[in-house]
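K.L.:
So that you have it, the file is upload_31.txt, and it contains compact mmCIF, C-alpha atoms:
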# COMPACT_ATOMS: atom_id res chain seq x y z
CA MET A 138 59.29 75.16 165.27
CA ALA A 139 59.81 78.53 166.96
CA THR A 140 61.44 81.18 164.78
CA ALA A 141 64.25 81.66 167.30
CA ASP A 142 65.19 78.00 166.73
CA ARG A 143 64.79 78.17 162.95
CA VAL A 144 67.26 81.02 162.53
CA GLN A 145 69.90 79.09 164.45
CA GLN A 146 69.89 76.27 161.90
CA PRO A 147 72.15 76.19 158.82
CA GLY A 148 70.92 77.91 155.68
CA PHE A 149 68.79 80.98 155.16
CA TRP A 150 65.60 81.72 157.08
CA PRO A 151 63.68 85.03 157.14
CA THR A 152 65.02 87.48 159.78
CA LYS A 153 68.36 85.67 159.94
CA GLY A 154 71.00 88.31 160.61
CA SER A 155 74.30 86.54 160.01
CA PRO A 156 75.13 87.34 156.34
CA SER A 157 77.39 90.27 155.44
CA ARG A 158 76.03 93.35 153.67
CA GLU A 159 78.07 92.49 150.58
CA GLU A 160 75.96 89.35 150.11
CA TYR A 161 72.89 91.48 149.30
CA VAL A 162 72.29 93.07 145.90
CA GLY A 163 68.89 94.77 146.27
CA PRO A 164 65.63 94.29 144.32
CA ALA A 165 66.80 96.19 141.24
CA ALA A 166 69.37 93.48 140.51
CA CYS A 167 66.69 90.80 140.82
CA ALA A 168 64.30 92.70 138.53
CA ARG A 169 66.72 92.42 135.60
CA CYS A 170 65.76 88.74 135.21
CA HIS A 171 62.54 88.42 137.20
CA ALA A 172 60.37 90.97 135.42
CA ALA A 173 57.33 88.75 135.98
CA HIS A 174 57.49 89.61 139.67
CA ALA A 175 57.62 93.37 139.16
CA GLY A 176 54.24 93.62 140.90
CA GLN A 177 55.88 92.76 144.21
CA ALA A 178 57.06 96.36 144.52
CA ALA A 179 53.40 97.44 144.76
CA THR A 180 52.56 95.12 147.64
CA SER A 181 52.10 96.32 151.20
CA MET A 182 54.98 94.07 152.21
CA ALA A 183 57.34 95.90 149.88
CA ARG A 184 56.24 99.21 151.43
CA THR A 185 56.14 98.03 155.03
CA LEU A 186 59.04 100.26 156.02
CA ALA A 187 60.26 103.58 154.68
CA ARG A 188 62.52 106.32 155.84
CA ALA A 189 60.15 108.89 157.30
CA PRO A 190 60.79 111.52 154.57
CA ASP A 191 59.67 108.90 152.01
CA SER A 192 56.47 107.92 153.82
CA GLU A 193 53.40 108.34 151.60
CA VAL A 194 51.24 108.87 154.69
CA LEU A 195 53.41 111.66 156.08
CA ARG A 196 53.71 113.31 152.68
CA ALA A 197 49.93 113.35 152.38
CA HIS A 198 49.35 115.04 155.74
CA GLU A 199 50.78 118.42 156.57
CA ARG A 200 49.70 118.10 160.20
CA LEU A 201 48.35 115.30 162.36
CA ALA A 202 47.25 115.91 165.95
CA PHE A 203 46.04 113.89 168.92
CA GLN A 204 45.10 115.12 172.41
CA VAL A 205 44.87 112.98 175.55
CA GLY A 206 44.39 114.84 178.81
CA ARG A 207 47.06 117.49 179.12
CA PHE A 208 49.30 115.89 176.50
CA ALA A 209 49.12 117.17 172.93
CA TYR A 210 50.71 115.02 170.22
CA GLU A 211 51.55 116.39 166.79
CA ILE A 212 53.32 115.31 163.60
CA ALA A 213 54.00 118.30 161.36
CA ARG A 214 55.59 118.18 157.92
CA GLY A 215 58.45 120.57 157.17
CA GLU A 216 61.09 121.00 154.48
CA GLY A 217 63.40 118.44 156.03
CA GLY A 218 60.72 115.88 156.84
CA SER A 219 58.15 115.32 159.55
CA VAL A 220 58.73 116.41 163.14
CA TYR A 221 57.06 114.61 166.03
CA SER A 222 56.28 116.64 169.15
CA VAL A 223 54.57 116.20 172.50
CA ALA A 224 53.56 119.10 174.75
CA ASP A 225 52.03 119.17 178.23
CA GLY A 226 51.04 122.82 178.36
CA THR A 227 54.28 123.84 180.02
CA ARG A 228 57.01 122.50 177.79
CA ALA A 229 57.40 120.39 174.67
CA LEU A 230 59.72 117.73 173.25
CA ARG A 231 60.42 117.46 169.53
CA SER A 232 62.27 115.04 167.31
CA PRO A 233 62.43 114.40 163.55
CA LEU A 234 60.83 111.07 162.65
CA ALA A 235 63.34 108.60 161.25
CA TRP A 236 61.37 105.48 160.25
CA ALA A 237 57.80 104.69 159.23
CA PHE A 238 56.61 101.10 159.80
CA GLY A 239 53.64 99.88 157.80
CA ALA A 240 52.40 100.73 154.33
CA GLY A 241 49.59 102.84 155.76
CA LYS A 242 46.61 100.87 154.40
CA ILE A 243 45.78 99.94 157.99
CA GLY A 244 48.17 102.13 159.90
CA GLN A 245 51.70 103.33 160.33
CA THR A 246 53.96 103.46 163.39
CA TYR A 247 57.03 105.65 163.75
CA MET A 248 60.47 105.51 165.28
CA PHE A 249 62.76 108.40 166.08
CA GLU A 250 66.24 108.76 167.52
CA ARG A 251 67.35 110.66 170.61
CA ALA A 252 70.89 110.69 171.98
CA GLY A 253 71.86 107.83 169.68
CA ALA A 254 69.02 105.56 170.85
CA LEU A 255 65.91 104.36 169.02
CA PHE A 256 62.43 105.16 170.36
CA GLU A 257 58.97 104.05 169.25
CA GLY A 258 56.46 106.89 169.03
CA ARG A 259 53.58 106.73 171.48
CA VAL A 260 51.10 107.47 168.68
CA SER A 261 50.52 105.93 165.25
CA TYR A 262 48.52 106.84 162.16
CA TYR A 263 45.34 104.86 161.34
CA GLU A 264 43.81 105.00 157.89
CA SER A 265 40.24 104.22 159.03
CA ILE A 266 40.13 107.37 161.18
CA ARG A 267 42.56 109.34 158.99
CA GLY A 268 44.37 110.43 162.08
CA LEU A 269 46.49 109.56 165.09
CA GLY A 270 45.76 107.23 167.98
CA PHE A 271 47.83 105.41 170.54
CA THR A 272 50.29 102.89 169.12
CA PRO A 273 48.88 99.36 169.77
CA THR A 274 49.50 98.23 173.38
CA ARG A 275 51.28 101.55 174.14
CA ALA A 276 48.36 103.60 175.46
CA LEU A 277 49.14 105.72 178.51
CA ALA A 278 46.39 107.94 179.85
CA GLU A 279 48.63 109.43 182.53
CA PRO A 280 52.33 109.24 181.62
CA ARG A 281 54.77 110.00 184.44
CA ASP A 282 56.50 112.71 182.47
CA LEU A 283 56.89 114.19 178.99
CA GLU A 284 59.62 111.72 178.05
CA GLU A 285 57.39 108.74 178.79
CA ALA A 286 54.51 110.39 176.97
CA MET A 287 56.64 110.85 173.86
CA GLY A 288 57.79 107.30 173.29
CA ARG A 289 59.29 104.05 174.42
CA PRO A 290 62.95 103.06 174.10
CA VAL A 291 63.62 100.20 171.68
CA GLY A 292 66.39 97.86 172.82
CA ALA A 293 68.91 96.17 170.54
CA ALA A 294 67.17 92.78 170.41
CA GLU A 295 63.75 94.33 169.76
CA GLY A 296 65.23 96.61 167.10
CA ARG A 297 66.70 93.63 165.28
CA ARG A 298 63.29 91.91 165.31
CA CYS A 299 61.40 95.00 164.15
CA PHE A 300 63.71 95.87 161.29
CA GLY A 301 64.33 92.20 160.50
CA CYS A 302 60.67 91.74 159.57
CA HIS A 303 60.28 95.05 157.74
CA THR A 304 63.51 95.17 155.70
CA ALA A 305 66.33 93.17 154.19
CA ALA A 306 69.95 93.48 155.31
CA SER A 307 69.18 95.44 158.46
CA THR A 308 71.04 93.05 160.75
CA ILE A 309 74.57 92.26 159.60
CA GLY A 310 76.71 89.84 161.54
CA GLY A 311 74.20 89.98 164.38
CA ALA A 312 74.29 93.78 164.73
CA LEU A 313 71.69 96.31 163.57
CA ASP A 314 72.92 98.32 160.57
CA LEU A 315 70.40 101.04 159.75
CA ALA A 316 72.66 102.94 157.39
CA ARG A 317 72.65 100.33 154.62
CA LEU A 318 69.41 98.41 155.02
CA ILE A 319 67.04 97.70 152.12
CA PRO A 320 63.61 99.13 153.10
CA GLY A 321 60.55 96.90 152.90
CA VAL A 322 60.11 93.17 152.35
CA SER A 323 61.72 92.58 148.97
CA CYS A 324 63.21 89.61 147.10
CA GLU A 325 66.10 88.91 149.46
CA SER A 326 63.87 89.07 152.54
CA CYS A 327 62.40 85.71 151.49
CA HIS A 328 64.91 84.24 149.03
CA GLY A 329 68.05 85.12 150.94
CA PRO A 330 71.08 87.22 149.98
CA GLY A 331 71.39 87.25 146.19
CA ALA A 332 74.99 88.20 145.36
CA ARG A 333 76.20 84.63 144.78
CA HIS A 334 73.03 83.81 142.86
CA VAL A 335 73.38 86.81 140.55
CA ALA A 336 77.09 86.22 139.95
CA ALA A 337 76.56 82.57 139.05
CA ILE A 338 73.63 83.29 136.71
CA GLU A 339 75.53 86.07 134.93
CA GLN A 340 78.39 83.64 134.33
CA GLY A 341 76.07 80.96 132.97
CA ARG A 342 76.36 78.62 135.98
CA LEU A 343 72.62 77.97 136.27
CA ALA A 344 72.69 75.00 138.66
CA GLU A 345 75.06 76.79 141.03
CA GLY A 346 72.92 79.92 140.84
CA LEU A 347 69.77 78.03 141.77
CA ARG A 348 71.49 76.44 144.75
CA ALA A 349 72.65 79.85 145.94
CA THR A 350 69.13 81.11 146.62
CA THR A 351 66.23 79.85 148.71
CA ASN A 352 63.08 78.60 147.00
CA PRO A 353 60.24 78.51 149.57
CA LYS A 354 58.18 76.35 147.18
CA THR A 355 60.37 73.39 148.12
CA LEU A 356 59.32 73.51 151.79
CA ASP A 357 56.86 71.03 153.26
CA PRO A 358 53.52 72.50 154.39
CA THR A 359 54.47 73.04 158.04
CA ALA A 360 57.82 74.62 157.18
CA SER A 361 56.12 76.76 154.53
CA VAL A 362 53.71 78.23 157.09
CA ASP A 363 56.56 78.62 159.59
CA PHE A 364 58.49 80.49 156.88
CA CYS A 365 55.79 83.18 156.75
CA GLY A 366 55.50 82.87 160.51
CA ALA A 367 59.04 84.15 160.93
CA CYS A 368 57.38 87.57 160.82
CA HIS A 369 53.71 86.70 161.32
CA ALA A 370 54.44 84.41 164.32
CA THR A 371 54.46 80.61 164.09
CA TRP A 372 52.29 78.27 166.12
CA TRP A 373 55.19 77.76 168.53
CA ASP A 374 56.02 81.47 168.69
CA VAL A 375 52.50 82.21 169.94
CA THR A 376 52.29 79.16 172.20
CA LEU A 377 55.63 79.77 173.91
CA ALA A 378 54.77 83.45 174.38
CA GLY A 379 51.51 82.45 176.07
CA GLU A 380 49.49 84.79 173.84
CA LYS A 381 45.70 84.52 173.87
CA GLY A 382 42.69 86.23 172.32
CA ILE A 383 43.42 89.12 169.98
CA ALA A 384 47.20 88.67 170.25
CA ALA A 385 46.87 85.09 169.03
CA LEU A 386 44.26 85.99 166.41
CA ARG A 387 46.68 88.36 164.71
CA SER A 388 49.05 85.45 164.00
CA GLN A 389 47.62 83.99 160.81
CA PRO A 390 50.02 80.98 160.85
CA HIS A 391 49.05 80.09 164.42
CA ARG A 392 45.33 80.30 163.71
CA LEU A 393 45.64 78.39 160.43
CA GLN A 394 47.55 75.54 162.05
CA SER A 395 45.00 75.47 164.88
CA SER A 396 42.26 74.71 162.35
CA ARG A 397 40.82 71.22 162.46
CA CYS A 398 41.33 70.78 158.73
CA TRP A 399 45.06 71.50 159.00
CA GLY A 400 45.67 67.97 160.33
CA GLU A 401 49.30 67.03 159.79
CA GLY A 402 49.72 69.75 157.20
CA ASP A 403 48.32 70.13 153.72
CA ALA A 404 49.89 72.09 150.85
CA ARG A 405 46.41 73.30 149.89
CA LEU A 406 46.22 75.17 153.21
CA THR A 407 49.53 76.98 153.36
CA CYS A 408 49.75 80.77 153.31
CA VAL A 409 51.00 80.86 149.71
CA ALA A 410 48.19 78.57 148.54
CA CYS A 411 45.87 81.57 148.90
CA HIS A 412 48.21 84.57 148.88
CA ASP A 413 50.81 85.29 146.19
CA PRO A 414 53.59 87.25 147.93
CA HIS A 415 54.57 88.75 144.57
CA GLU A 416 51.20 90.44 144.09
CA PRO A 417 49.10 92.88 146.16
CA LEU A 418 46.75 91.23 148.65
CA VAL A 419 43.40 90.28 147.13
CA ARG A 420 40.63 91.58 149.41
CA GLU A 421 37.56 90.31 147.55
CA PRO A 422 36.22 87.30 149.54
CA LEU A 423 34.76 85.55 146.48
CA SER A 424 38.21 85.26 144.94
CA TYR A 425 39.15 82.65 147.56
CA ASP A 426 36.27 80.26 146.85
CA GLU A 427 38.34 78.35 144.32
CA ARG A 428 40.96 77.64 146.98
CA CYS A 429 38.32 76.36 149.40
CA LEU A 430 36.94 74.04 146.70
CA ALA A 431 40.40 72.53 146.25
CA CYS A 432 39.68 70.70 149.52
CA HIS A 433 35.88 70.68 149.73
CA ALA A 434 33.33 68.98 147.52
CA GLY A 435 31.01 71.26 145.61
CA ARG A 436 27.44 71.79 146.74
CA GLY A 437 25.55 68.52 146.53
CA GLY A 438 28.75 66.56 145.92
CA ARG A 439 30.36 63.91 148.08
CA ALA A 440 33.69 64.03 149.80
CA THR A 441 36.45 62.13 147.99
CA ARG A 442 40.03 61.20 148.74
CA GLU A 443 41.20 64.25 146.76
CA ARG A 444 38.57 66.51 148.30
CA PRO A 445 38.03 65.19 151.82
CA GLY A 446 36.15 68.29 152.96
CA ARG A 447 32.41 67.78 152.92
CA ALA A 448 30.19 70.07 150.88
CA CYS A 449 28.85 73.18 152.58
CA PRO A 450 25.05 72.97 152.92
CA VAL A 451 24.75 76.73 152.49
CA GLY A 452 26.61 77.16 149.21
CA THR A 453 29.99 77.54 147.59
CA THR A 454 30.37 81.31 147.34
CA GLY A 455 31.86 83.64 149.88
CA CYS A 456 33.24 80.76 151.96
CA THR A 457 35.62 82.91 153.98
CA THR A 458 32.91 85.35 155.08
CA CYS A 459 31.32 82.56 157.15
CA HIS A 460 34.21 80.29 158.04
CA MET A 461 36.93 82.92 158.55
CA PRO A 462 35.08 85.88 160.11
CA LYS A 463 36.59 89.27 160.76
CA TYR A 464 37.08 90.69 164.24
CA GLU A 465 37.41 94.29 165.30
CA VAL A 466 40.70 95.15 166.99
CA PRO A 467 39.73 98.44 168.68
CA GLU A 468 43.23 99.69 169.36
CA MET A 469 44.06 99.28 165.67
CA HIS A 470 40.77 100.69 164.37
CA HIS A 471 40.51 97.79 161.93
CA ARG A 472 38.79 94.44 161.39
CA PHE A 473 41.15 91.50 160.89
CA THR A 474 40.35 88.17 159.25
CA ASP A 475 40.60 85.24 161.66
CA HIS A 476 42.49 82.45 159.91
CA LEU A 477 41.08 79.77 162.22
CA ILE A 478 38.93 77.92 159.69
CA ARG A 479 35.83 76.54 161.39
CA VAL A 480 32.07 76.15 161.35
CA LEU A 481 30.40 78.84 163.45
CA LYS A 482 27.27 77.59 165.15
CA PRO A 483 24.01 79.49 164.56
CA GLY A 484 23.74 82.44 166.89
CA GLY A 485 27.50 82.51 167.40
CA THR A 486 29.07 85.91 167.95
CA THR A 487 31.94 87.47 166.05
CA THR A 488 32.61 90.29 168.48
CA ALA A 489 35.54 88.53 170.14
CA PRO A 490 37.85 85.77 168.94
CA ARG A 491 37.45 82.22 170.11
CA PRO A 492 40.29 81.26 172.47
CA PRO A 493 43.06 79.37 170.61
I need this file expressed as structure tokens, please.
P.N.:
Amino acid sequence: MATADRVQQPGFWPTKGSPSREEYVGPAACARCHAAHAGQAATSMARTLARAPDSEVLRAHERLAFQVGRFAYEIARGEGGSVYSVADGTRALRSPLAWAFGAGKIGQTYMFERAGALFEGRVSYYESIRGLGFTPTRALAEPRDLEEAMGRPVGAAEGRRCFGCHTAASTIGGALDLARLIPGVSCESCHGPGARHVAAIEQGRLAEGLRATTNPKTLDPTASVDFCGACHATWWDVTLAGEKGIAALRSQPHRLQSSRCWGEGDARLTCVACHDPHEPLVREPLSYDERCLACHAGRGGRATRERPGRACPVGTTGCTTCHMPKYEVPEMHHRFTDHLIRVLKPGGTTTAPRPP
């Protein structure tokens, strides 16, 4: 189901913007009971949005610069925060950065405000080059004027989507509320507003407290992948948008559900079967072999009802390096794992993604 349809249904769904601000309590309230999930605060998701003065990337760089033709871009750190400027050799525009999107492990994109409106910066930071480059899909070699060179206006609907996936409680009653949002993807981003849950638990009403929060573990496989797809794009989100190639590749849910082994949906293939959202992303390929062998027979073994996937003739280590190759996304200066699980034929190339 498309995310736009999911959020219209009763109950909580990620990015839903109908609750009131008073229904949210913040991650500190959750941590009082859920100490086992304290590691979530160290994940990239938890740090996927920060107020610009709190950005680790901006704090680590006194000055970042980028030159394209006659336009000179700069982000310079000062006492009050980082100031973004663009100059064309004749005049310059400057604005304090307000928001930093992304934890910075791959990159970070910025928003600023001018005349009460939100703008996306034309340039972003990329960790692999330790510097600035054009924001993905926003490259302009010859902007019409300095204003266009500086950034792009962000409309109300787009703002709700951007902040909805990078925060909790940013959209209240359908309207963007930047003053009281909870930065980053934290507990209530996935489990829903927690005020009723906390109140019931503190008063000893356990059953009521459990009903007051969302437990994604109860979802069927397709809904579970769609749940993550609320921000990472579901199969229908990508299909209805007509996205192809790299744009489709970057949607892990879409690529996963396009895999032949997905079938009608299997709990062993959902996002959370391999990735624990409460812990930092594991980047070592060998760590995922165990998950692959939950479906596939071991080397030399035969497929069974429990493990219908046939054994790999090559081996049972480093499965993802062959069957989920990485692709370079030039505009992001990074290689992304393709979640379309498949057998690549000998001599196949991994320089461009297979069409979905």
K.L.:
Within 7 Å of Thr185 (chain A), counting all atoms listed in the file, which residues qualify if same-chain residues fewer than 6 places away don't, as a list in words?
P.N.:
Phe238, Gly239, Ala240, His303, Gly321 and Val322 of chain A
K.L.:
Need to verify the contact set: Leu393 (chain A), 8 Å, all atoms listed in the file, exclusion of same-chain residues closer than 3 positions in sequence. Can you return it as a PyMOL selection string?
P.N.:
chain A and resi 389-390+396+399+406+476-478
K.L.:
Pick out the residues sitting within 10 Å of Asp403 (chain A), and hand them over as a list in words; count all atoms listed in the file, and ignore anything fewer than 5 positions along from it in its own chain.
P.N.:
Asp357, Pro358, Thr359, Gln394, Cys398, Ala410 and Cys432 of chain A
K.L.:
Write the residues of the preceding selection, restricted to C-alpha atoms, as a PDB file, in the coordinates of the input.
P.N.:
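Generated file (again22.pdb):
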ATOM      1  CA  ASP A 357      56.860  71.030 153.260  1.00  0.00           C
ATOM      2  CA  PRO A 358      53.520  72.500 154.390  1.00  0.00           C
ATOM      3  CA  THR A 359      54.470  73.040 158.040  1.00  0.00           C
ATOM      4  CA  GLN A 394      47.550  75.540 162.050  1.00  0.00           C
ATOM      5  CA  CYS A 398      41.330  70.780 158.730  1.00  0.00           C
ATOM      6  CA  ALA A 410      48.190  78.570 148.540  1.00  0.00           C
ATOM      7  CA  CYS A 432      39.680  70.700 149.520  1.00  0.00           C
TER       8      CYS A 432
END
K.L.:
Excluding Thr457 (chain A) and any residue of its chain fewer than 2 positions from it, enumerate the residues within 12 Å of it, using only C-alpha atoms, and give them as a ChimeraX atom specification.
P.N.:
/A:411,420-430,449,452-455,459-463,474-481
K.L.:
Between CA of Val144 (chain A) and CA of Gly301 (chain A), what is the distance in Å, rounded to a tenth?
P.N.:
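Separation between CA of Val144 (chain A) and CA of Gly301 (chain A): 11.7 Å.
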K.L.:
Which residues are near Ser361 (chain A)? Cut-off 8 Å, only C-alpha atoms, ignore same chain within fewer than 6 positions. Put them as a PyMOL selection string.
P.N.:
chain A and resi 353-354+407-408
K.L.:
Could those selected residues go to a file with C-alpha atoms, as a short mmCIF file (atom, residue, chain, number, x, y, z; two decimals), keeping the file's coordinate frame?
P.N.:
data_model
loop_
_atom_site.label_atom_id
_atom_site.label_comp_id
_atom_site.auth_asym_id
_atom_site.auth_seq_id
_atom_site.Cartn_x
_atom_site.Cartn_y
_atom_site.Cartn_z
CA PRO A 353 60.24 78.51 149.57
CA LYS A 354 58.18 76.35 147.18
CA THR A 407 49.53 76.98 153.36
CA CYS A 408 49.75 80.77 153.31
#
K.L.:
Can you work out which one of A:Ile212, A:Ala229, A:Ala367, A:Val451 has the shortest atom-to-atom distance to Arg200 (chain A), counting all atoms listed in the file?
P.N.:
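For Arg200 (chain A), the nearest of the given residues is A:Ile212.
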